[in-house]
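Just query-v2.cif here, mmCIF, C-alpha atoms and all ligand atoms:
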```
data_upload
loop_
_atom_site.label_atom_id
_atom_site.label_comp_id
_atom_site.auth_asym_id
_atom_site.auth_seq_id
_atom_site.Cartn_x
_atom_site.Cartn_y
_atom_site.Cartn_z
CA MET A 4 0.00 0.00 0.00
CA GLU A 5 1.54 3.27 -1.17
CA ILE A 6 0.23 6.53 0.29
CA PRO A 7 0.23 9.10 -2.53
CA LEU A 8 2.44 12.16 -2.19
CA THR A 9 0.95 15.55 -2.94
CA ILE A 10 3.15 18.33 -4.25
CA LEU A 11 3.16 21.63 -2.38
CA ASN A 12 3.72 25.13 -3.78
CA ASP A 13 7.34 25.11 -2.56
CA SER A 14 8.06 21.83 -4.42
CA TYR A 15 8.22 19.67 -1.30
CA THR A 16 5.79 16.76 -1.15
CA ILE A 17 3.50 15.62 1.68
CA PRO A 18 1.87 12.19 2.15
CA GLN A 19 -1.78 12.93 1.36
CA LEU A 20 -3.05 10.72 4.19
CA GLY A 21 -1.51 11.27 7.62
CA PHE A 22 -2.20 10.53 11.28
CA GLY A 23 -3.41 13.17 13.79
CA VAL A 24 -2.67 13.08 17.51
CA TYR A 25 -5.01 15.73 18.94
CA GLN A 26 -6.31 14.57 22.36
CA VAL A 27 -3.94 11.61 22.39
CA PRO A 28 -2.81 11.49 26.04
CA PRO A 29 0.89 12.36 26.37
CA GLU A 30 1.66 9.14 28.28
CA GLN A 31 0.16 7.03 25.47
CA THR A 32 1.45 8.98 22.51
CA GLN A 33 4.66 7.02 21.93
CA ARG A 34 2.80 3.69 21.84
CA ILE A 35 -0.01 5.03 19.63
CA VAL A 36 2.35 6.70 17.14
CA GLU A 37 4.53 3.57 17.06
CA ASP A 38 1.37 1.62 16.14
CA ALA A 39 0.52 4.16 13.45
CA LEU A 40 4.02 3.94 11.94
CA GLU A 41 3.88 0.16 12.11
CA VAL A 42 0.61 -0.07 10.15
CA GLY A 43 2.03 2.25 7.49
CA TYR A 44 1.43 5.93 8.29
CA ARG A 45 4.36 8.15 7.29
CA HIS A 46 2.94 11.55 8.22
CA ILE A 47 2.24 12.61 11.81
CA ASP A 48 0.34 15.78 12.73
CA THR A 49 0.97 17.15 16.24
CA ALA A 50 1.06 20.60 17.87
CA ALA A 51 2.75 22.28 20.81
CA GLY A 52 -0.75 22.70 22.24
CA TYR A 53 -1.35 18.93 22.25
CA ARG A 54 1.51 18.48 24.72
CA ASN A 55 2.53 15.22 23.11
CA GLU A 56 5.35 16.27 20.77
CA ASP A 57 7.89 14.36 22.86
CA GLY A 58 5.92 11.11 22.47
CA VAL A 59 5.83 11.66 18.71
CA GLY A 60 9.60 12.18 18.66
CA ARG A 61 10.25 9.08 20.77
CA ALA A 62 8.03 6.94 18.53
CA ILE A 63 9.89 8.09 15.42
CA LYS A 64 13.23 7.22 17.05
CA ALA A 65 11.92 3.81 18.18
CA SER A 66 10.65 3.03 14.66
CA HIS A 67 14.20 3.23 13.22
CA LEU A 68 12.71 4.84 10.14
CA GLY A 69 15.00 7.35 8.44
CA ARG A 70 14.26 11.01 9.10
CA ASP A 71 13.30 11.46 5.45
CA GLN A 72 10.78 8.60 5.68
CA VAL A 73 8.46 10.27 8.19
CA TYR A 74 6.77 13.60 7.55
CA VAL A 75 6.23 15.65 10.72
CA THR A 76 3.98 18.65 11.24
CA THR A 77 3.77 20.70 14.40
CA LYS A 78 2.05 23.97 15.18
CA LEU A 79 2.87 27.23 16.93
CA TYR A 80 1.04 27.46 20.25
CA ASN A 81 -1.41 30.32 20.53
CA ASP A 82 0.41 32.13 23.35
CA SER A 83 3.55 32.49 21.24
CA HIS A 84 2.53 34.92 18.49
CA GLY A 85 5.19 37.55 17.78
CA TYR A 86 8.60 37.38 16.09
CA GLN A 87 10.93 36.42 18.95
CA GLU A 88 8.17 34.49 20.74
CA THR A 89 7.79 32.31 17.65
CA LEU A 90 11.53 31.66 17.29
CA ASP A 91 11.62 30.60 20.97
CA ALA A 92 8.49 28.44 20.69
CA PHE A 93 9.96 26.69 17.64
CA GLU A 94 13.09 25.74 19.63
CA ARG A 95 10.91 24.35 22.43
CA SER A 96 8.98 22.21 19.93
CA MET A 97 12.19 20.96 18.32
CA ASP A 98 13.58 20.04 21.75
CA GLN A 99 10.42 18.06 22.46
CA LEU A 100 10.39 16.37 19.05
CA ASP A 101 14.16 15.89 19.11
CA LEU A 102 14.42 16.23 15.34
CA GLU A 103 17.08 17.94 13.23
CA PHE A 104 14.58 19.67 10.98
CA LEU A 105 10.81 20.00 10.73
CA ASP A 106 8.84 19.19 7.60
CA LEU A 107 5.95 21.58 8.19
CA TYR A 108 5.29 24.30 10.77
CA LEU A 109 1.82 25.84 11.02
CA ILE A 110 0.43 28.90 12.77
CA HIS A 111 -2.24 27.01 14.73
CA TRP A 112 -4.89 29.78 14.89
CA PRO A 113 -4.94 33.32 13.44
CA ARG A 114 -6.06 34.92 16.75
CA PRO A 115 -7.43 38.09 15.08
CA ILE A 116 -7.96 39.65 18.52
CA ALA A 117 -4.20 39.55 19.21
CA ASP A 118 -3.45 40.54 15.58
CA ARG A 119 0.18 39.36 15.62
CA PHE A 120 0.30 36.50 13.12
CA LEU A 121 2.26 38.60 10.59
CA GLU A 122 5.17 38.79 13.05
CA SER A 123 5.02 35.02 13.53
CA TRP A 124 4.97 34.53 9.78
CA GLN A 125 8.17 36.59 9.46
CA ALA A 126 9.78 34.28 12.01
CA PHE A 127 8.54 31.28 10.00
CA GLU A 128 10.28 32.72 6.93
CA THR A 129 13.49 33.22 8.93
CA LEU A 130 13.41 29.60 10.15
CA ARG A 131 12.74 28.32 6.66
CA SER A 132 15.63 30.35 5.19
CA ALA A 133 17.89 28.91 7.91
CA GLY A 134 16.92 25.38 6.81
CA ARG A 135 15.23 24.48 10.10
CA ILE A 136 11.84 23.96 8.44
CA HIS A 137 11.11 22.70 4.94
CA SER A 138 7.60 24.10 4.54
CA ILE A 139 5.52 26.76 6.27
CA GLY A 140 1.76 26.99 6.45
CA VAL A 141 -1.23 28.07 8.48
CA SER A 142 -4.27 26.59 10.18
CA ASN A 143 -7.76 27.91 10.77
CA PHE A 144 -7.08 30.97 8.61
CA ARG A 145 -10.13 32.65 7.08
CA VAL A 146 -10.07 34.21 3.59
CA LYS A 147 -9.46 37.63 5.18
CA ASP A 148 -6.45 36.26 7.12
CA LEU A 149 -4.99 34.72 3.96
CA GLU A 150 -5.52 38.02 2.12
CA LYS A 151 -3.74 39.91 4.90
CA LEU A 152 -0.83 37.47 4.72
CA ALA A 153 -0.65 37.84 0.92
CA ALA A 154 -0.64 41.63 1.18
CA ASN A 155 2.29 41.56 3.60
CA SER A 156 4.47 38.66 2.49
CA THR A 157 5.64 37.00 -0.70
CA ALA A 158 5.65 33.57 1.00
CA THR A 159 2.39 31.74 0.30
CA PRO A 160 1.41 29.12 2.92
CA VAL A 161 1.74 25.61 1.50
CA VAL A 162 -1.40 24.46 3.32
CA ASN A 163 -4.26 25.84 5.36
CA GLN A 164 -5.34 23.15 7.83
CA ILE A 165 -9.05 23.68 8.55
CA GLU A 166 -12.08 21.90 9.95
CA LEU A 167 -13.54 20.04 6.99
CA HIS A 168 -15.84 17.02 6.74
CA PRO A 169 -19.06 16.10 4.92
CA TYR A 170 -21.14 18.21 7.35
CA PHE A 171 -18.89 21.29 6.97
CA GLN A 172 -17.34 21.33 3.54
CA GLN A 173 -15.71 24.77 3.42
CA ASN A 174 -16.31 25.35 -0.28
CA GLU A 175 -15.50 29.08 -0.25
CA LEU A 176 -12.16 28.63 1.54
CA SER A 177 -11.27 25.63 -0.62
CA GLU A 178 -11.89 27.68 -3.77
CA TYR A 179 -9.66 30.45 -2.45
CA HIS A 180 -6.94 27.87 -1.68
CA HIS A 181 -7.23 26.38 -5.15
CA ALA A 182 -6.93 29.79 -6.82
CA HIS A 183 -3.80 30.65 -4.79
CA GLY A 184 -1.87 27.36 -4.83
CA ILE A 185 -2.60 26.52 -1.19
CA ARG A 186 -3.40 22.89 -0.32
CA THR A 187 -6.49 22.28 1.76
CA GLU A 188 -5.71 20.05 4.74
CA ALA A 189 -8.75 18.66 6.57
CA TRP A 190 -8.84 18.45 10.36
CA SER A 191 -11.55 16.46 12.16
CA PRO A 192 -12.07 14.79 8.76
CA LEU A 193 -14.57 12.37 10.35
CA ASP A 194 -16.17 15.16 12.43
CA GLN A 195 -14.66 13.32 15.41
CA GLY A 196 -16.72 10.25 14.55
CA ARG A 197 -20.04 12.07 14.10
CA VAL A 198 -20.28 11.35 10.36
CA LEU A 199 -19.93 7.62 10.86
CA ASN A 200 -23.63 6.94 11.43
CA GLU A 201 -24.68 8.89 8.37
CA PRO A 202 -26.98 6.59 6.33
CA LEU A 203 -25.71 7.87 2.97
CA LEU A 204 -22.09 7.03 3.88
CA VAL A 205 -23.16 3.63 5.20
CA GLU A 206 -25.01 2.96 1.95
CA ILE A 207 -22.15 4.09 -0.30
CA GLY A 208 -19.77 1.95 1.75
CA SER A 209 -21.94 -1.14 1.30
CA ARG A 210 -21.42 -0.88 -2.49
CA TYR A 211 -17.66 -1.25 -2.07
CA GLY A 212 -17.43 -3.36 1.10
CA LYS A 213 -16.11 -0.26 2.92
CA THR A 214 -16.98 1.40 6.22
CA PRO A 215 -18.34 4.97 6.51
CA ALA A 216 -14.91 6.04 7.81
CA GLN A 217 -13.25 4.66 4.68
CA VAL A 218 -15.83 6.31 2.40
CA THR A 219 -15.27 9.65 4.14
CA ILE A 220 -11.48 9.44 3.90
CA ARG A 221 -11.79 8.44 0.24
CA TRP A 222 -14.05 11.47 -0.32
CA HIS A 223 -11.32 13.74 1.09
CA LEU A 224 -8.66 12.13 -1.10
CA ASP A 225 -10.86 12.38 -4.21
CA LYS A 226 -11.30 16.10 -3.48
CA GLY A 227 -7.50 16.48 -3.38
CA ASN A 228 -7.38 17.30 0.33
CA VAL A 229 -4.58 16.28 2.64
CA VAL A 230 -6.34 14.36 5.43
CA ILE A 231 -5.23 13.39 8.96
CA PRO A 232 -7.75 11.12 10.73
CA LYS A 233 -7.02 10.06 14.30
CA SER A 234 -7.63 6.79 16.09
CA GLU A 235 -6.10 5.27 19.19
CA HIS A 236 -6.92 1.72 18.02
CA LYS A 237 -4.60 -0.15 15.72
CA HIS A 238 -7.37 -1.91 13.77
CA ARG A 239 -9.02 1.45 13.04
CA MET A 240 -5.68 2.98 12.07
CA SER A 241 -5.36 0.19 9.49
CA GLU A 242 -8.98 0.55 8.42
CA ASN A 243 -8.46 4.27 7.79
CA LEU A 244 -5.44 3.49 5.58
CA ASN A 245 -7.25 0.86 3.56
CA VAL A 246 -8.77 3.32 1.09
CA PHE A 247 -6.61 2.99 -2.00
CA ASP A 248 -8.52 0.25 -3.82
CA PHE A 249 -11.68 2.18 -4.69
CA THR A 250 -12.84 5.63 -5.80
CA LEU A 251 -16.19 7.37 -5.56
CA THR A 252 -18.29 8.14 -8.60
CA ALA A 253 -19.26 11.69 -9.57
CA GLU A 254 -22.84 10.89 -8.48
CA GLU A 255 -21.66 9.73 -5.05
CA ILE A 256 -19.55 12.86 -4.61
CA ALA A 257 -22.57 14.98 -5.63
CA SER A 258 -24.78 13.20 -3.08
CA ILE A 259 -22.22 13.75 -0.28
CA LYS A 260 -22.18 17.45 -1.20
CA LYS A 261 -25.80 17.63 -0.02
CA LEU A 262 -24.79 16.64 3.55
CA GLU A 263 -23.48 20.18 4.14
CA THR A 264 -25.08 21.72 7.25
CA GLY A 265 -23.20 25.02 7.41
CA GLN A 266 -22.39 24.22 11.05
CA ARG A 267 -18.84 23.81 12.32
CA SER A 268 -18.25 21.47 15.28
CA GLY A 269 -14.95 22.97 16.40
CA PHE A 270 -13.97 26.47 17.50
CA ASP A 271 -14.63 29.52 15.34
CA PRO A 272 -11.35 31.12 14.18
CA SER A 273 -12.90 34.59 14.42
CA GLU A 274 -13.09 34.22 18.18
CA PHE A 275 -10.83 31.41 19.34
CA GLU A 276 -7.94 32.59 21.47
CA GLY A 277 -6.81 29.10 22.42
CA LEU A 278 -5.06 30.03 25.62
CA TRP A 279 -5.54 26.88 27.64
CA ASP A 280 -4.77 26.70 31.36
P1 LIG A 301 -11.33 12.86 13.52
O1 LIG A 301 -12.38 13.47 12.65
O2 LIG A 301 -10.10 12.30 12.91
O3 LIG A 301 -12.07 11.76 14.38
C1 LIG A 301 -11.36 10.94 15.29
C2 LIG A 301 -12.35 10.08 16.06
O4 LIG A 301 -13.18 9.35 15.15
C3 LIG A 301 -11.61 9.03 16.87
O5 LIG A 301 -11.26 9.53 18.14
C4 LIG A 301 -12.64 7.92 16.94
O6 LIG A 301 -13.57 8.18 17.97
C5 LIG A 301 -13.33 8.04 15.61
N1 LIG A 301 -12.77 7.13 14.57
C6 LIG A 301 -11.64 7.29 13.84
N2 LIG A 301 -11.51 6.29 12.95
C7 LIG A 301 -12.58 5.49 13.13
C8 LIG A 301 -13.00 4.28 12.51
N3 LIG A 301 -12.31 3.73 11.51
N4 LIG A 301 -14.15 3.71 12.95
C9 LIG A 301 -14.88 4.26 13.95
N5 LIG A 301 -14.53 5.41 14.56
C10 LIG A 301 -13.39 6.01 14.17
O7 LIG A 301 -11.01 13.95 14.65
P2 LIG A 301 -9.78 14.79 15.19
O8 LIG A 301 -8.85 13.99 15.99
O9 LIG A 301 -10.40 16.01 15.81
O10 LIG A 301 -9.03 15.31 13.87
C11 LIG A 301 -7.95 14.63 13.30
C12 LIG A 301 -6.66 15.40 13.48
O11 LIG A 301 -6.78 16.72 12.97
C13 LIG A 301 -6.27 15.65 14.95
O12 LIG A 301 -5.82 14.48 15.59
C14 LIG A 301 -5.27 16.75 14.80
O13 LIG A 301 -4.02 16.24 14.38
C15 LIG A 301 -5.92 17.59 13.71
N6 LIG A 301 -6.71 18.72 14.27
C16 LIG A 301 -6.26 19.98 14.05
C17 LIG A 301 -6.95 21.06 14.56
C18 LIG A 301 -6.43 22.44 14.27
O14 LIG A 301 -6.93 23.40 14.89
N7 LIG A 301 -5.50 22.60 13.38
C19 LIG A 301 -8.11 20.88 15.30
C20 LIG A 301 -8.56 19.58 15.52
C21 LIG A 301 -7.86 18.51 14.98
#
```

Once you've parsed the file, please lay out its structure as structure tokens.
Amino acid sequence: MEIPLTILNDSYTIPQLGFGVYQVPPEQTQRIVEDALEVGYRHIDTAAGYRNEDGVGRAIKASHLGRDQVYVTTKLYNDSHGYQETLDAFERSMDQLDLEFLDLYLIHWPRPIADRFLESWQAFETLRSAGRIHSIGVSNFRVKDLEKLAANSTATPVVNQIELHPYFQQNELSEYHHAHGIRTEAWSPLDQGRVLNEPLLVEIGSRYGKTPAQVTIRWHLDKGNVVIPKSEHKHRMSENLNVFDFTLTAEEIASIKKLETGQRSGFDPSEFEGLWD
């Protein structure tokens, strides 16, 4: 089973299907990420805010996979916006991950109330020029945030990682991304499990001998999204990878389009400050 690589606007590639570790308890992260690597994932999505970067780093070491065989994303914590704050936060993340370089660093949330993401972006560019990071991107940015970035920097984010699933399809943002060479990366791609009882997805799955989770992940891949489902169970990790032997028809994709509710499940980027504790 080969996970396809998707090319980014800076010419680096990213495995289109990765493994997310949001809400994975720090003390279990090493074991869970080791399982994920063992079943075949080669792209791990963590964040300083998840407090499990060290477990991700330990699992990569224990796997004996070469550094260039595992793609690692982490994200700038929300209390660290600002130029020097970002440089310092990056070093803390790299200490936790214990890696020589990072594949992808994301600004986790735009925090429009603080209004300092441009300073962080400058620091991202500095770190990239110094070779510490291959690719730089953003998360939870709205069109207006992306426009502000474009007006103030020549560096286009390689991805915008956003909440996206059949109930919240983000068509306007995705069109903006497409027009500007930004990859759409879907977080909570299964709406944290809420889409899995959806009769339409169950029915489509029955045509292919696939589960609703597999149909949903396939839908993301067919749309060209990068997708990072999470599971703490090895059999589900494998299930979520077993999506490369079927594709959805245009009619099936059109029927899934009608599941849009206009309702996000996660935080709203216009308001979310994300300062936990
Ligand atoms: P998800 O949509 O991936 O759902 C995960 C949940 O779905 C699991 O906990 C489990 O309950 C269920 N599940 C998964 N596979 C299943 C299967 N095969 N069968 C039955 N149930 C299954 O939710 P998520 O963890 O919120 O999102 C995935 C990743 O996205 C995160 O781990 C994180 O890396 C990233 N994320 C990023 C942000 C951000 O702000 N950038 C926010 C949330 C999540």

Tell me, in Å to one decimal, how far CA of Gln31 in chain A is from CA of Tyr44 in chain A.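 Computing the Euclidean distance for CA of Gln31 in chain A and CA of Tyr44 in chain A yields 17.3 Å.
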
With distances taken over all atoms listed in the file, which of A:Tyr179, A:Phe22, A:Tyr108, A:Phe144 is nearest to ligand LIG 301 (chain A)?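 Smallest separation from ligand LIG 301 (chain A) among the options: A:Phe22.
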
Expected selection as a ChimeraX atom specification for ligand LIG 301 (chain A) within 7 Å, only C-alpha atoms and all ligand atoms: /A:22-26,48-49,111-112,142-143,164-166,189-196,199,216-217,231-235,239-240,242-243

Test item: residues at most 10 Å from Asn174 in chain A, only C-alpha atoms, excluding those fewer than 5 positions along its chain, as a ChimeraX atom specification: /A:167,179-180,260,263

Determine the nearest neighbour of Val141 in chain A from the options A:Leu90, A:Glu178, A:Leu79, A:His183, counting all atoms listed in the file.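 Of all the options, A:Leu79 lies closest to Val141 in chain A.
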
If you count all atoms listed in the file, which residues fall within 10 Å of range 118-121 of chain A, apart from same-chain ones fewer than 2 positions away, as a PyMOL selection string? chain A and resi 81+83-86+89+110-116+123-127+141+148+151-152+155-156

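Nearest residue to Arg131 in chain A among A:Glu255, A:Glu56, A:Glu5, A:Asp13 is A:Asp13, counting all atoms listed in the file.
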
Check the smallest atom-to-atom distance from each of A:Leu203, A:Thr214, A:His67, A:Lys78 to Lys261 in chain A using all atoms listed in the file, then report the winner.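 Counting all atoms listed in the file, the residue closest to Lys261 in chain A is A:Leu203.
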
Please, which residues in range 168-227 of chain A fall within 12 Å of range 14-21 of chain A when counting all atoms listed in the file, and what is the closest atom pair and distance in Å to one decimal for each, ordered by chain then residue number, as CSV?
```
residue,atom,partner,partner_atom,distance
A:Gly184,CA,A:Ser14,CA,11.4
A:Arg186,CA,A:Ile17,CA,10.2
A:Thr187,CA,A:Gln19,CA,10.5
A:Glu188,CA,A:Gln19,CA,8.8
A:Ala189,CA,A:Leu20,CA,10.1
A:Trp190,CA,A:Gly21,CA,10.6
A:Pro192,CA,A:Leu20,CA,10.9
A:Gln217,CA,A:Leu20,CA,11.9
A:Ile220,CA,A:Leu20,CA,8.5
A:Arg221,CA,A:Leu20,CA,9.9
A:Trp222,CA,A:Leu20,CA,11.9
A:His223,CA,A:Leu20,CA,9.3
A:Leu224,CA,A:Gln19,CA,7.4
A:Asp225,CA,A:Gln19,CA,10.7
A:Lys226,CA,A:Gln19,CA,11.1
A:Gly227,CA,A:Gln19,CA,8.2
```

Gap from CA of Gln173 in chain A to CA of Thr159 in chain A - Å, one decimal: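 Result for CA of Gln173 in chain A versus CA of Thr159 in chain A: 19.6 Å, one decimal.
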
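Every protein, DNA or RNA residue with an atom at most 7 Å from His137 in chain A, where all atoms listed in the file count and chain neighbours fewer than 3 positions away do not, is listed here: Leu105, Asp106, Leu107, Arg131 and Gly134 of chain A.
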
As an mmCIF file with C-alpha atoms, in the frame of the given file, please: the residues near Arg95 in chain A (cut-off 12 Å, only C-alpha atoms, same-chain neighbours under 2 positions excluded).
```cif
data_model
loop_
_atom_site.group_PDB
_atom_site.id
_atom_site.type_symbol
_atom_site.label_atom_id
_atom_site.label_comp_id
_atom_site.auth_asym_id
_atom_site.auth_seq_id
_atom_site.Cartn_x
_atom_site.Cartn_y
_atom_site.Cartn_z
ATOM 1 C CA ALA A 50 1.060 20.600 17.870
ATOM 2 C CA ALA A 51 2.750 22.280 20.810
ATOM 3 C CA GLY A 52 -0.750 22.700 22.240
ATOM 4 C CA ARG A 54 1.510 18.480 24.720
ATOM 5 C CA GLU A 56 5.350 16.270 20.770
ATOM 6 C CA ASP A 57 7.890 14.360 22.860
ATOM 7 C CA THR A 77 3.770 20.700 14.400
ATOM 8 C CA LYS A 78 2.050 23.970 15.180
ATOM 9 C CA LEU A 79 2.870 27.230 16.930
ATOM 10 C CA TYR A 80 1.040 27.460 20.250
ATOM 11 C CA SER A 83 3.550 32.490 21.240
ATOM 12 C CA GLU A 88 8.170 34.490 20.740
ATOM 13 C CA THR A 89 7.790 32.310 17.650
ATOM 14 C CA LEU A 90 11.530 31.660 17.290
ATOM 15 C CA ASP A 91 11.620 30.600 20.970
ATOM 16 C CA ALA A 92 8.490 28.440 20.690
ATOM 17 C CA PHE A 93 9.960 26.690 17.640
ATOM 18 C CA MET A 97 12.190 20.960 18.320
ATOM 19 C CA ASP A 98 13.580 20.040 21.750
ATOM 20 C CA GLN A 99 10.420 18.060 22.460
ATOM 21 C CA LEU A 100 10.390 16.370 19.050
ATOM 22 C CA ASP A 101 14.160 15.890 19.110
ATOM 23 C CA LEU A 102 14.420 16.230 15.340
#
```

For CA of Asn55 in chain A and CA of Leu68 in chain A, determine how far apart the two atoms are, in Å to one decimal place.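 Going from CA of Asn55 in chain A over to CA of Leu68 in chain A, I get 19.5 Å.
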
Restricting the calculation to all atoms listed in the file: of A:Ser241, A:Gln266, A:Ser273, A:Ser96, which residue gets closest to Gly43 in chain A?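 Nearest candidate to Gly43 in chain A out of A:Ser241, A:Gln266, A:Ser273, A:Ser96: A:Ser241.
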
From A:Glu274, A:Thr32, A:Ile207, A:Ser258, residue lying nearest Arg145 in chain A [all atoms listed in the file]: A:Glu274

Mind listing as a list of chain:residue names all residues within 10 Å of (13.5, 12.5, 7.7), counting all atoms listed in the file?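 It turns out the residues near that spot are A:Ile63, A:Leu68, A:Gly69, A:Arg70, A:Asp71, A:Gln72, A:Val73, A:Tyr74, A:Val75, A:Leu102, A:Glu103, A:Phe104, A:Leu105, A:Asp106.
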